[in-house]
Every structure is written in structure tokens, then in C-alpha cells.
$ cat entry_25.cif   # mmCIF, C-alpha atoms
data_protein
loop_
_atom_site.label_atom_id
_atom_site.label_comp_id
_atom_site.auth_asym_id
_atom_site.auth_seq_id
_atom_site.Cartn_x
_atom_site.Cartn_y
_atom_site.Cartn_z
CA MET R 1 -34.08 -2.81 31.38
CA LYS R 2 -33.09 -5.97 29.49
CA PRO R 3 -33.96 -4.52 26.03
CA VAL R 4 -31.82 -1.43 26.73
CA LEU R 5 -28.86 -3.55 27.84
CA PHE R 6 -29.28 -5.84 24.84
CA CYS R 7 -29.39 -2.88 22.41
CA ALA R 8 -26.31 -1.34 24.05
CA LEU R 9 -24.38 -4.60 23.66
CA ILE R 10 -25.44 -4.93 20.01
CA ALA R 11 -24.41 -1.31 19.33
CA LEU R 12 -21.03 -1.86 21.02
CA ALA R 13 -20.40 -5.02 19.00
CA ALA R 14 -21.35 -3.26 15.75
CA MET R 15 -19.06 -0.31 16.47
CA SER R 16 -16.18 -2.65 17.33
CA ALA R 17 -16.62 -4.54 14.07
CA ALA R 18 -16.91 -1.32 12.05
CA PHE R 19 -13.67 0.10 13.42
CA ALA R 20 -11.71 -3.16 13.49
CA GLN R 21 -8.67 -3.19 11.25
CA ASP R 22 -5.93 -5.72 10.80
CA GLN R 23 -2.65 -5.13 12.57
CA ALA R 24 0.00 -3.37 10.52
CA LEU R 25 2.65 -5.63 9.02
CA GLY R 26 6.23 -4.38 9.08
CA ASP R 27 7.64 -1.53 11.14
CA SER R 28 5.49 -0.39 14.04
CA GLN R 29 7.26 2.97 14.28
CA TYR R 30 8.79 5.44 11.86
CA ASN R 31 11.07 8.36 12.69
CA GLY R 32 11.58 10.75 9.80
CA THR R 33 9.75 12.97 7.35
CA LEU R 34 6.37 11.51 6.44
CA VAL R 35 4.52 12.93 3.44
CA LEU R 36 0.73 12.71 3.72
CA ASN R 37 -0.37 14.92 0.81
CA SER R 38 0.99 12.86 -2.10
CA SER R 39 -0.74 9.93 -3.71
CA LEU R 40 0.19 6.74 -5.45
CA ILE R 41 -0.78 8.52 -8.68
CA ASP R 42 1.81 11.26 -8.02
CA LEU R 43 4.60 8.73 -7.52
CA ALA R 44 3.60 6.47 -10.41
CA SER R 45 3.51 9.49 -12.75
CA LEU R 46 7.13 10.30 -11.87
CA ALA R 47 8.30 7.02 -13.45
CA GLN R 48 7.99 8.67 -16.87
CA SER R 49 10.12 11.62 -15.71
CA GLY R 50 13.02 9.37 -14.81
CA GLU R 51 15.15 8.42 -11.84
CA ALA R 52 16.48 11.94 -11.15
CA ALA R 53 13.00 13.48 -10.86
CA LEU R 54 11.80 10.68 -8.58
CA ARG R 55 14.92 10.91 -6.41
CA ASP R 56 14.52 14.71 -6.02
CA PHE R 57 10.84 14.31 -5.09
CA THR R 58 11.36 11.47 -2.59
CA ARG R 59 14.80 12.21 -1.06
CA GLY R 60 14.70 11.72 2.71
CA LYS R 61 10.94 11.13 2.83
CA ALA R 62 8.50 8.31 3.41
CA PHE R 63 4.99 8.33 1.93
CA LEU R 64 1.67 7.10 3.28
CA LEU R 65 -0.29 5.80 0.28
CA PHE R 66 -3.70 4.19 -0.22
CA GLY R 67 -4.48 1.74 -2.99
CA SER R 68 -5.34 -1.82 -3.96
CA LEU R 69 -3.01 -4.79 -3.54
CA SER R 70 -2.37 -7.71 -5.86
CA LYS R 71 -0.96 -11.11 -4.95
CA PRO R 72 2.72 -10.96 -4.01
CA ILE R 73 5.26 -12.70 -6.23
CA GLN R 74 7.80 -14.34 -3.97
CA SER R 75 11.48 -14.58 -4.88
CA ASP R 76 13.65 -17.62 -4.31
CA ALA R 77 15.90 -15.76 -1.85
CA THR R 78 16.40 -17.00 1.68
CA GLY R 79 13.89 -15.38 4.01
CA TYR R 80 10.71 -13.84 2.70
CA GLU R 81 11.12 -11.40 -0.17
CA ALA R 82 8.39 -10.55 -2.65
CA ILE R 83 7.18 -7.92 -5.09
CA MET R 84 3.55 -6.77 -5.03
CA GLU R 85 1.68 -4.48 -7.41
CA PHE R 86 -0.06 -1.56 -5.67
CA THR R 87 -2.62 0.29 -7.83
CA GLU R 88 -4.97 3.24 -7.79
CA GLY R 89 -7.38 4.45 -10.47
CA ARG R 90 -8.72 7.80 -11.59
CA TRP R 91 -11.88 8.41 -13.60
CA ILE R 92 -11.47 10.24 -16.90
CA GLY R 93 -14.87 11.59 -17.79
CA SER R 94 -17.64 9.12 -17.09
CA SER R 95 -16.52 6.16 -19.17
CA ARG R 96 -12.79 5.58 -18.72
CA ILE R 97 -10.48 4.80 -15.80
CA GLU R 98 -6.73 5.38 -15.83
CA LEU R 99 -4.82 2.93 -13.65
CA TYR R 100 -1.58 3.88 -11.94
CA ARG R 101 0.72 1.42 -10.25
CA ILE R 102 3.88 1.12 -8.27
CA PHE R 103 5.58 -2.05 -7.10
CA LEU R 104 6.15 -2.75 -3.43
CA LYS R 105 9.26 -4.59 -2.31
CA LEU R 106 8.37 -6.73 0.71
CA SER R 107 11.19 -8.06 2.85
CA GLY R 108 10.69 -9.95 6.10
CA SER R 109 8.67 -12.88 7.39
CA GLU R 110 5.90 -10.59 8.72
CA TYR R 111 4.79 -9.97 5.12
CA GLU R 112 4.08 -13.67 4.46
CA ALA R 113 0.54 -13.06 5.74
CA LEU R 114 -0.15 -11.05 2.55
CA SER R 115 0.16 -14.14 0.37
CA GLY R 116 -3.43 -15.07 1.25
CA ILE R 117 -5.10 -11.76 0.38
CA THR R 118 -7.74 -11.28 -2.28
CA VAL R 119 -6.70 -9.28 -5.35
CA GLY R 120 -8.05 -5.75 -5.02
CA THR R 121 -7.78 -5.62 -1.22
CA ARG R 122 -7.50 -1.99 -0.08
CA ALA R 123 -4.51 -1.06 2.05
CA ALA R 124 -2.59 1.82 3.56
CA VAL R 125 1.14 1.45 2.92
CA LEU R 126 4.11 3.37 4.26
CA ILE R 127 6.87 3.35 1.62
CA ASP R 128 10.34 4.77 1.15
CA GLY R 129 13.38 4.22 -1.04
CA ALA R 130 11.55 4.66 -4.34
CA VAL R 131 13.52 3.97 -7.55
CA VAL R 132 12.67 3.72 -11.23
CA GLN R 133 13.24 0.31 -12.84
CA PRO R 134 11.74 -1.48 -15.84
CA GLY R 135 8.32 -2.92 -15.04
CA PRO R 136 6.99 -6.27 -16.26
CA ASP R 137 5.88 -4.60 -19.50
CA GLY R 138 9.33 -3.05 -20.06
CA LYS R 139 8.14 0.50 -19.37
CA PRO R 140 9.66 2.51 -16.50
CA ALA R 141 7.93 1.80 -13.16
CA VAL R 142 8.39 2.91 -9.57
CA TYR R 143 9.60 0.29 -7.09
CA ALA R 144 9.56 1.19 -3.37
CA SER R 145 10.30 -0.58 -0.11
CA ALA R 146 7.23 -1.23 2.02
CA ARG R 147 7.95 -0.18 5.59
CA SER R 148 4.47 -1.00 6.86
CA VAL R 149 1.27 -2.41 5.32
CA ARG R 150 -2.16 -2.20 6.90
CA VAL R 151 -5.02 -3.99 5.18
CA LEU R 152 -8.25 -1.96 5.34
CA ARG R 153 -11.42 -3.94 5.82
#
$ encode --input "entry_25.cif" --output "C-alpha cells"
Amino acid sequence: MKPVLFCALIALAAMSAAFAQDQALGDSQYNGTLVLNSSLIDLASLAQSGEAALRDFTRGKAFLLFGSLSKPIQSDATGYEAIMEFTEGRWIGSSRIELYRIFLKLSGSEYEALSGITVGTRAAVLIDGAVVQPGPDGKPAVYASARSVRVLR
């Protein structure tokens, strides 16, 4: 009887650890049109098409995206405001990877917890309000407001 109980407790603990995720940072609810079938790559590619194409594609919608986070760069504004690179890659053949990126605008003290993450941490992010602005390299890039960020472990 004891070995069965012990194995059941071990299995329960393992399942709990496997399904454990961090709490979402940001909004806990969203009311509006949520797009689930677009990717970070789709949005990042629209930066080259310009502001009008991005606005037409994103008007009135929020997007649930998956990708890898970088360290946030905090602004000097009062309250917590930061910009964070959010990337995703795609294999081209068997020897080359194309990287796509957008920049997340983080606003609110709940996002301060992201300052301690490891570069490359996977996350699910709910974004809206995407615009095209010059990126750090001077090329057009997509910037979007992060409504909610959930680190995936």
C-alpha cells in the first residue's frame, strides 16, 4: 500500500511541475477580437509593407503570439515603461535561420518582473496597437503594446 501511495504522490508532483506556468503579467482579461492564426513572423513581415498595410491588417484586433524575449530596455519615464525585443525564427533549408522580430512596449509596474529574465525565454504575448517605426538598425520595425505576457517554462 505504501509504495502505491508514494508513486501516486510522485506522479502528482511531477504532473504539477510539468504543467506549472508563471502567472500572466498585465491584463487578466481581454474583450475584443483576438486573432489566433497569425504569427510573429506575419506581423514582422508587414513592417516592410508600411504603416498602412499593418494598420489594415491589425485594425480592431489583438494577437496572441509566441516567441523569445530579450532583456527589456527601461525608459527614464515615471512609472515602469520599457521596450523589449520579441523574436521568432524560421529555418530556410537545413543550414540557415531567418529571424523575425517585433518590439513590445511594456507599460506598468507589473512588467518589472521581466527585467530578471534570461535572454531567449519563451513567452506567449497578447499584443495590440501595432505601428511601424524605425528600429534600432534604422529599418522599419513593428512596435506593439503588450497587453499580457506569460513566460512559458
$ residues_around --input "entry_25.cif" --residues "Gly60 (chain R)" --least-positions-apart "6" --cutoff "10 Å" --atoms "all atoms listed in the file" --output "list in words"
Gly32, Thr33, Leu34, Asp128 and Gly129 of chain R
$ resolve_selection --input "entry_25.cif" --expression "the PyMOL selection byres ((chain R and resi 127) around 8)" --output "number ranges by chain"
R: 62-65, 104, 125-126, 128-130, 144-148
$ residues_around --input "entry_25.cif" --residues "Leu69 (chain R)" --least-positions-apart "5" --cutoff "8 Å" --atoms "all atoms listed in the file" --output "ChimeraX atom specification"
/R:84-87,119-123
$ resolve_selection --input "entry_25.cif" --expression "the PyMOL selection byres ((chain R and resi 151) around 8)" --output "PyMOL selection string"
chain R and resi 21-24+121-124+149-150+152-153
$ residues_around --input "entry_25.cif" --residues "Leu54 (chain R)" --least-positions-apart "3" --cutoff "9 Å" --atoms "only C-alpha atoms" --output "compact mmCIF listing (two decimals) with C-alpha atoms, in the frame of the given file"
# COMPACT_ATOMS: atom_id res chain seq x y z
CA LEU R 43 4.60 8.73 -7.52
CA LEU R 46 7.13 10.30 -11.87
CA ALA R 47 8.30 7.02 -13.45
CA SER R 49 10.12 11.62 -15.71
CA GLY R 50 13.02 9.37 -14.81
CA GLU R 51 15.15 8.42 -11.84
CA PHE R 57 10.84 14.31 -5.09
CA THR R 58 11.36 11.47 -2.59
CA ARG R 59 14.80 12.21 -1.06
CA ALA R 130 11.55 4.66 -4.34
CA VAL R 131 13.52 3.97 -7.55
CA VAL R 132 12.67 3.72 -11.23
CA VAL R 142 8.39 2.91 -9.57
$ residues_around --input "entry_25.cif" --residues "region 70-83 of chain R" --least-positions-apart "5" --cutoff "9 Å" --atoms "all atoms listed in the file" --output "list of chain:residue names"
R:Phe103, R:Leu104, R:Lys105, R:Leu106, R:Ser107, R:Gly108, R:Ser109, R:Glu110, R:Tyr111, R:Glu112, R:Leu114, R:Ser115, R:Gly116, R:Ile117, R:Thr118, R:Val119, R:Gly120, R:Thr121, R:Tyr143
$ closest_residue --input "entry_25.cif" --among "R:Gln48, R:Asn31, R:Gln133, R:Ser39" --to "Glu88 (chain R)" --atoms "only C-alpha atoms"
R:Ser39
$ atom_distance --input "entry_25.cif" --atom1 "CA of Gly93 (chain R)" --atom2 "CA of Ile41 (chain R)"
17.1 Å
$ atom_distance --input "entry_25.cif" --atom1 "CA of Gly138 (chain R)" --atom2 "CA of Ser95 (chain R)"
27.5 Å
$ atom_distance --input "entry_25.cif" --atom1 "CA of Tyr100 (chain R)" --atom2 "CA of Ala53 (chain R)"
17.5 Å
$ closest_residue --input "entry_25.cif" --among "R:Arg90, R:Ala113, R:Gly135, R:Gly67" --to "Gly26 (chain R)" --atoms "all atoms listed in the file"
R:Ala113
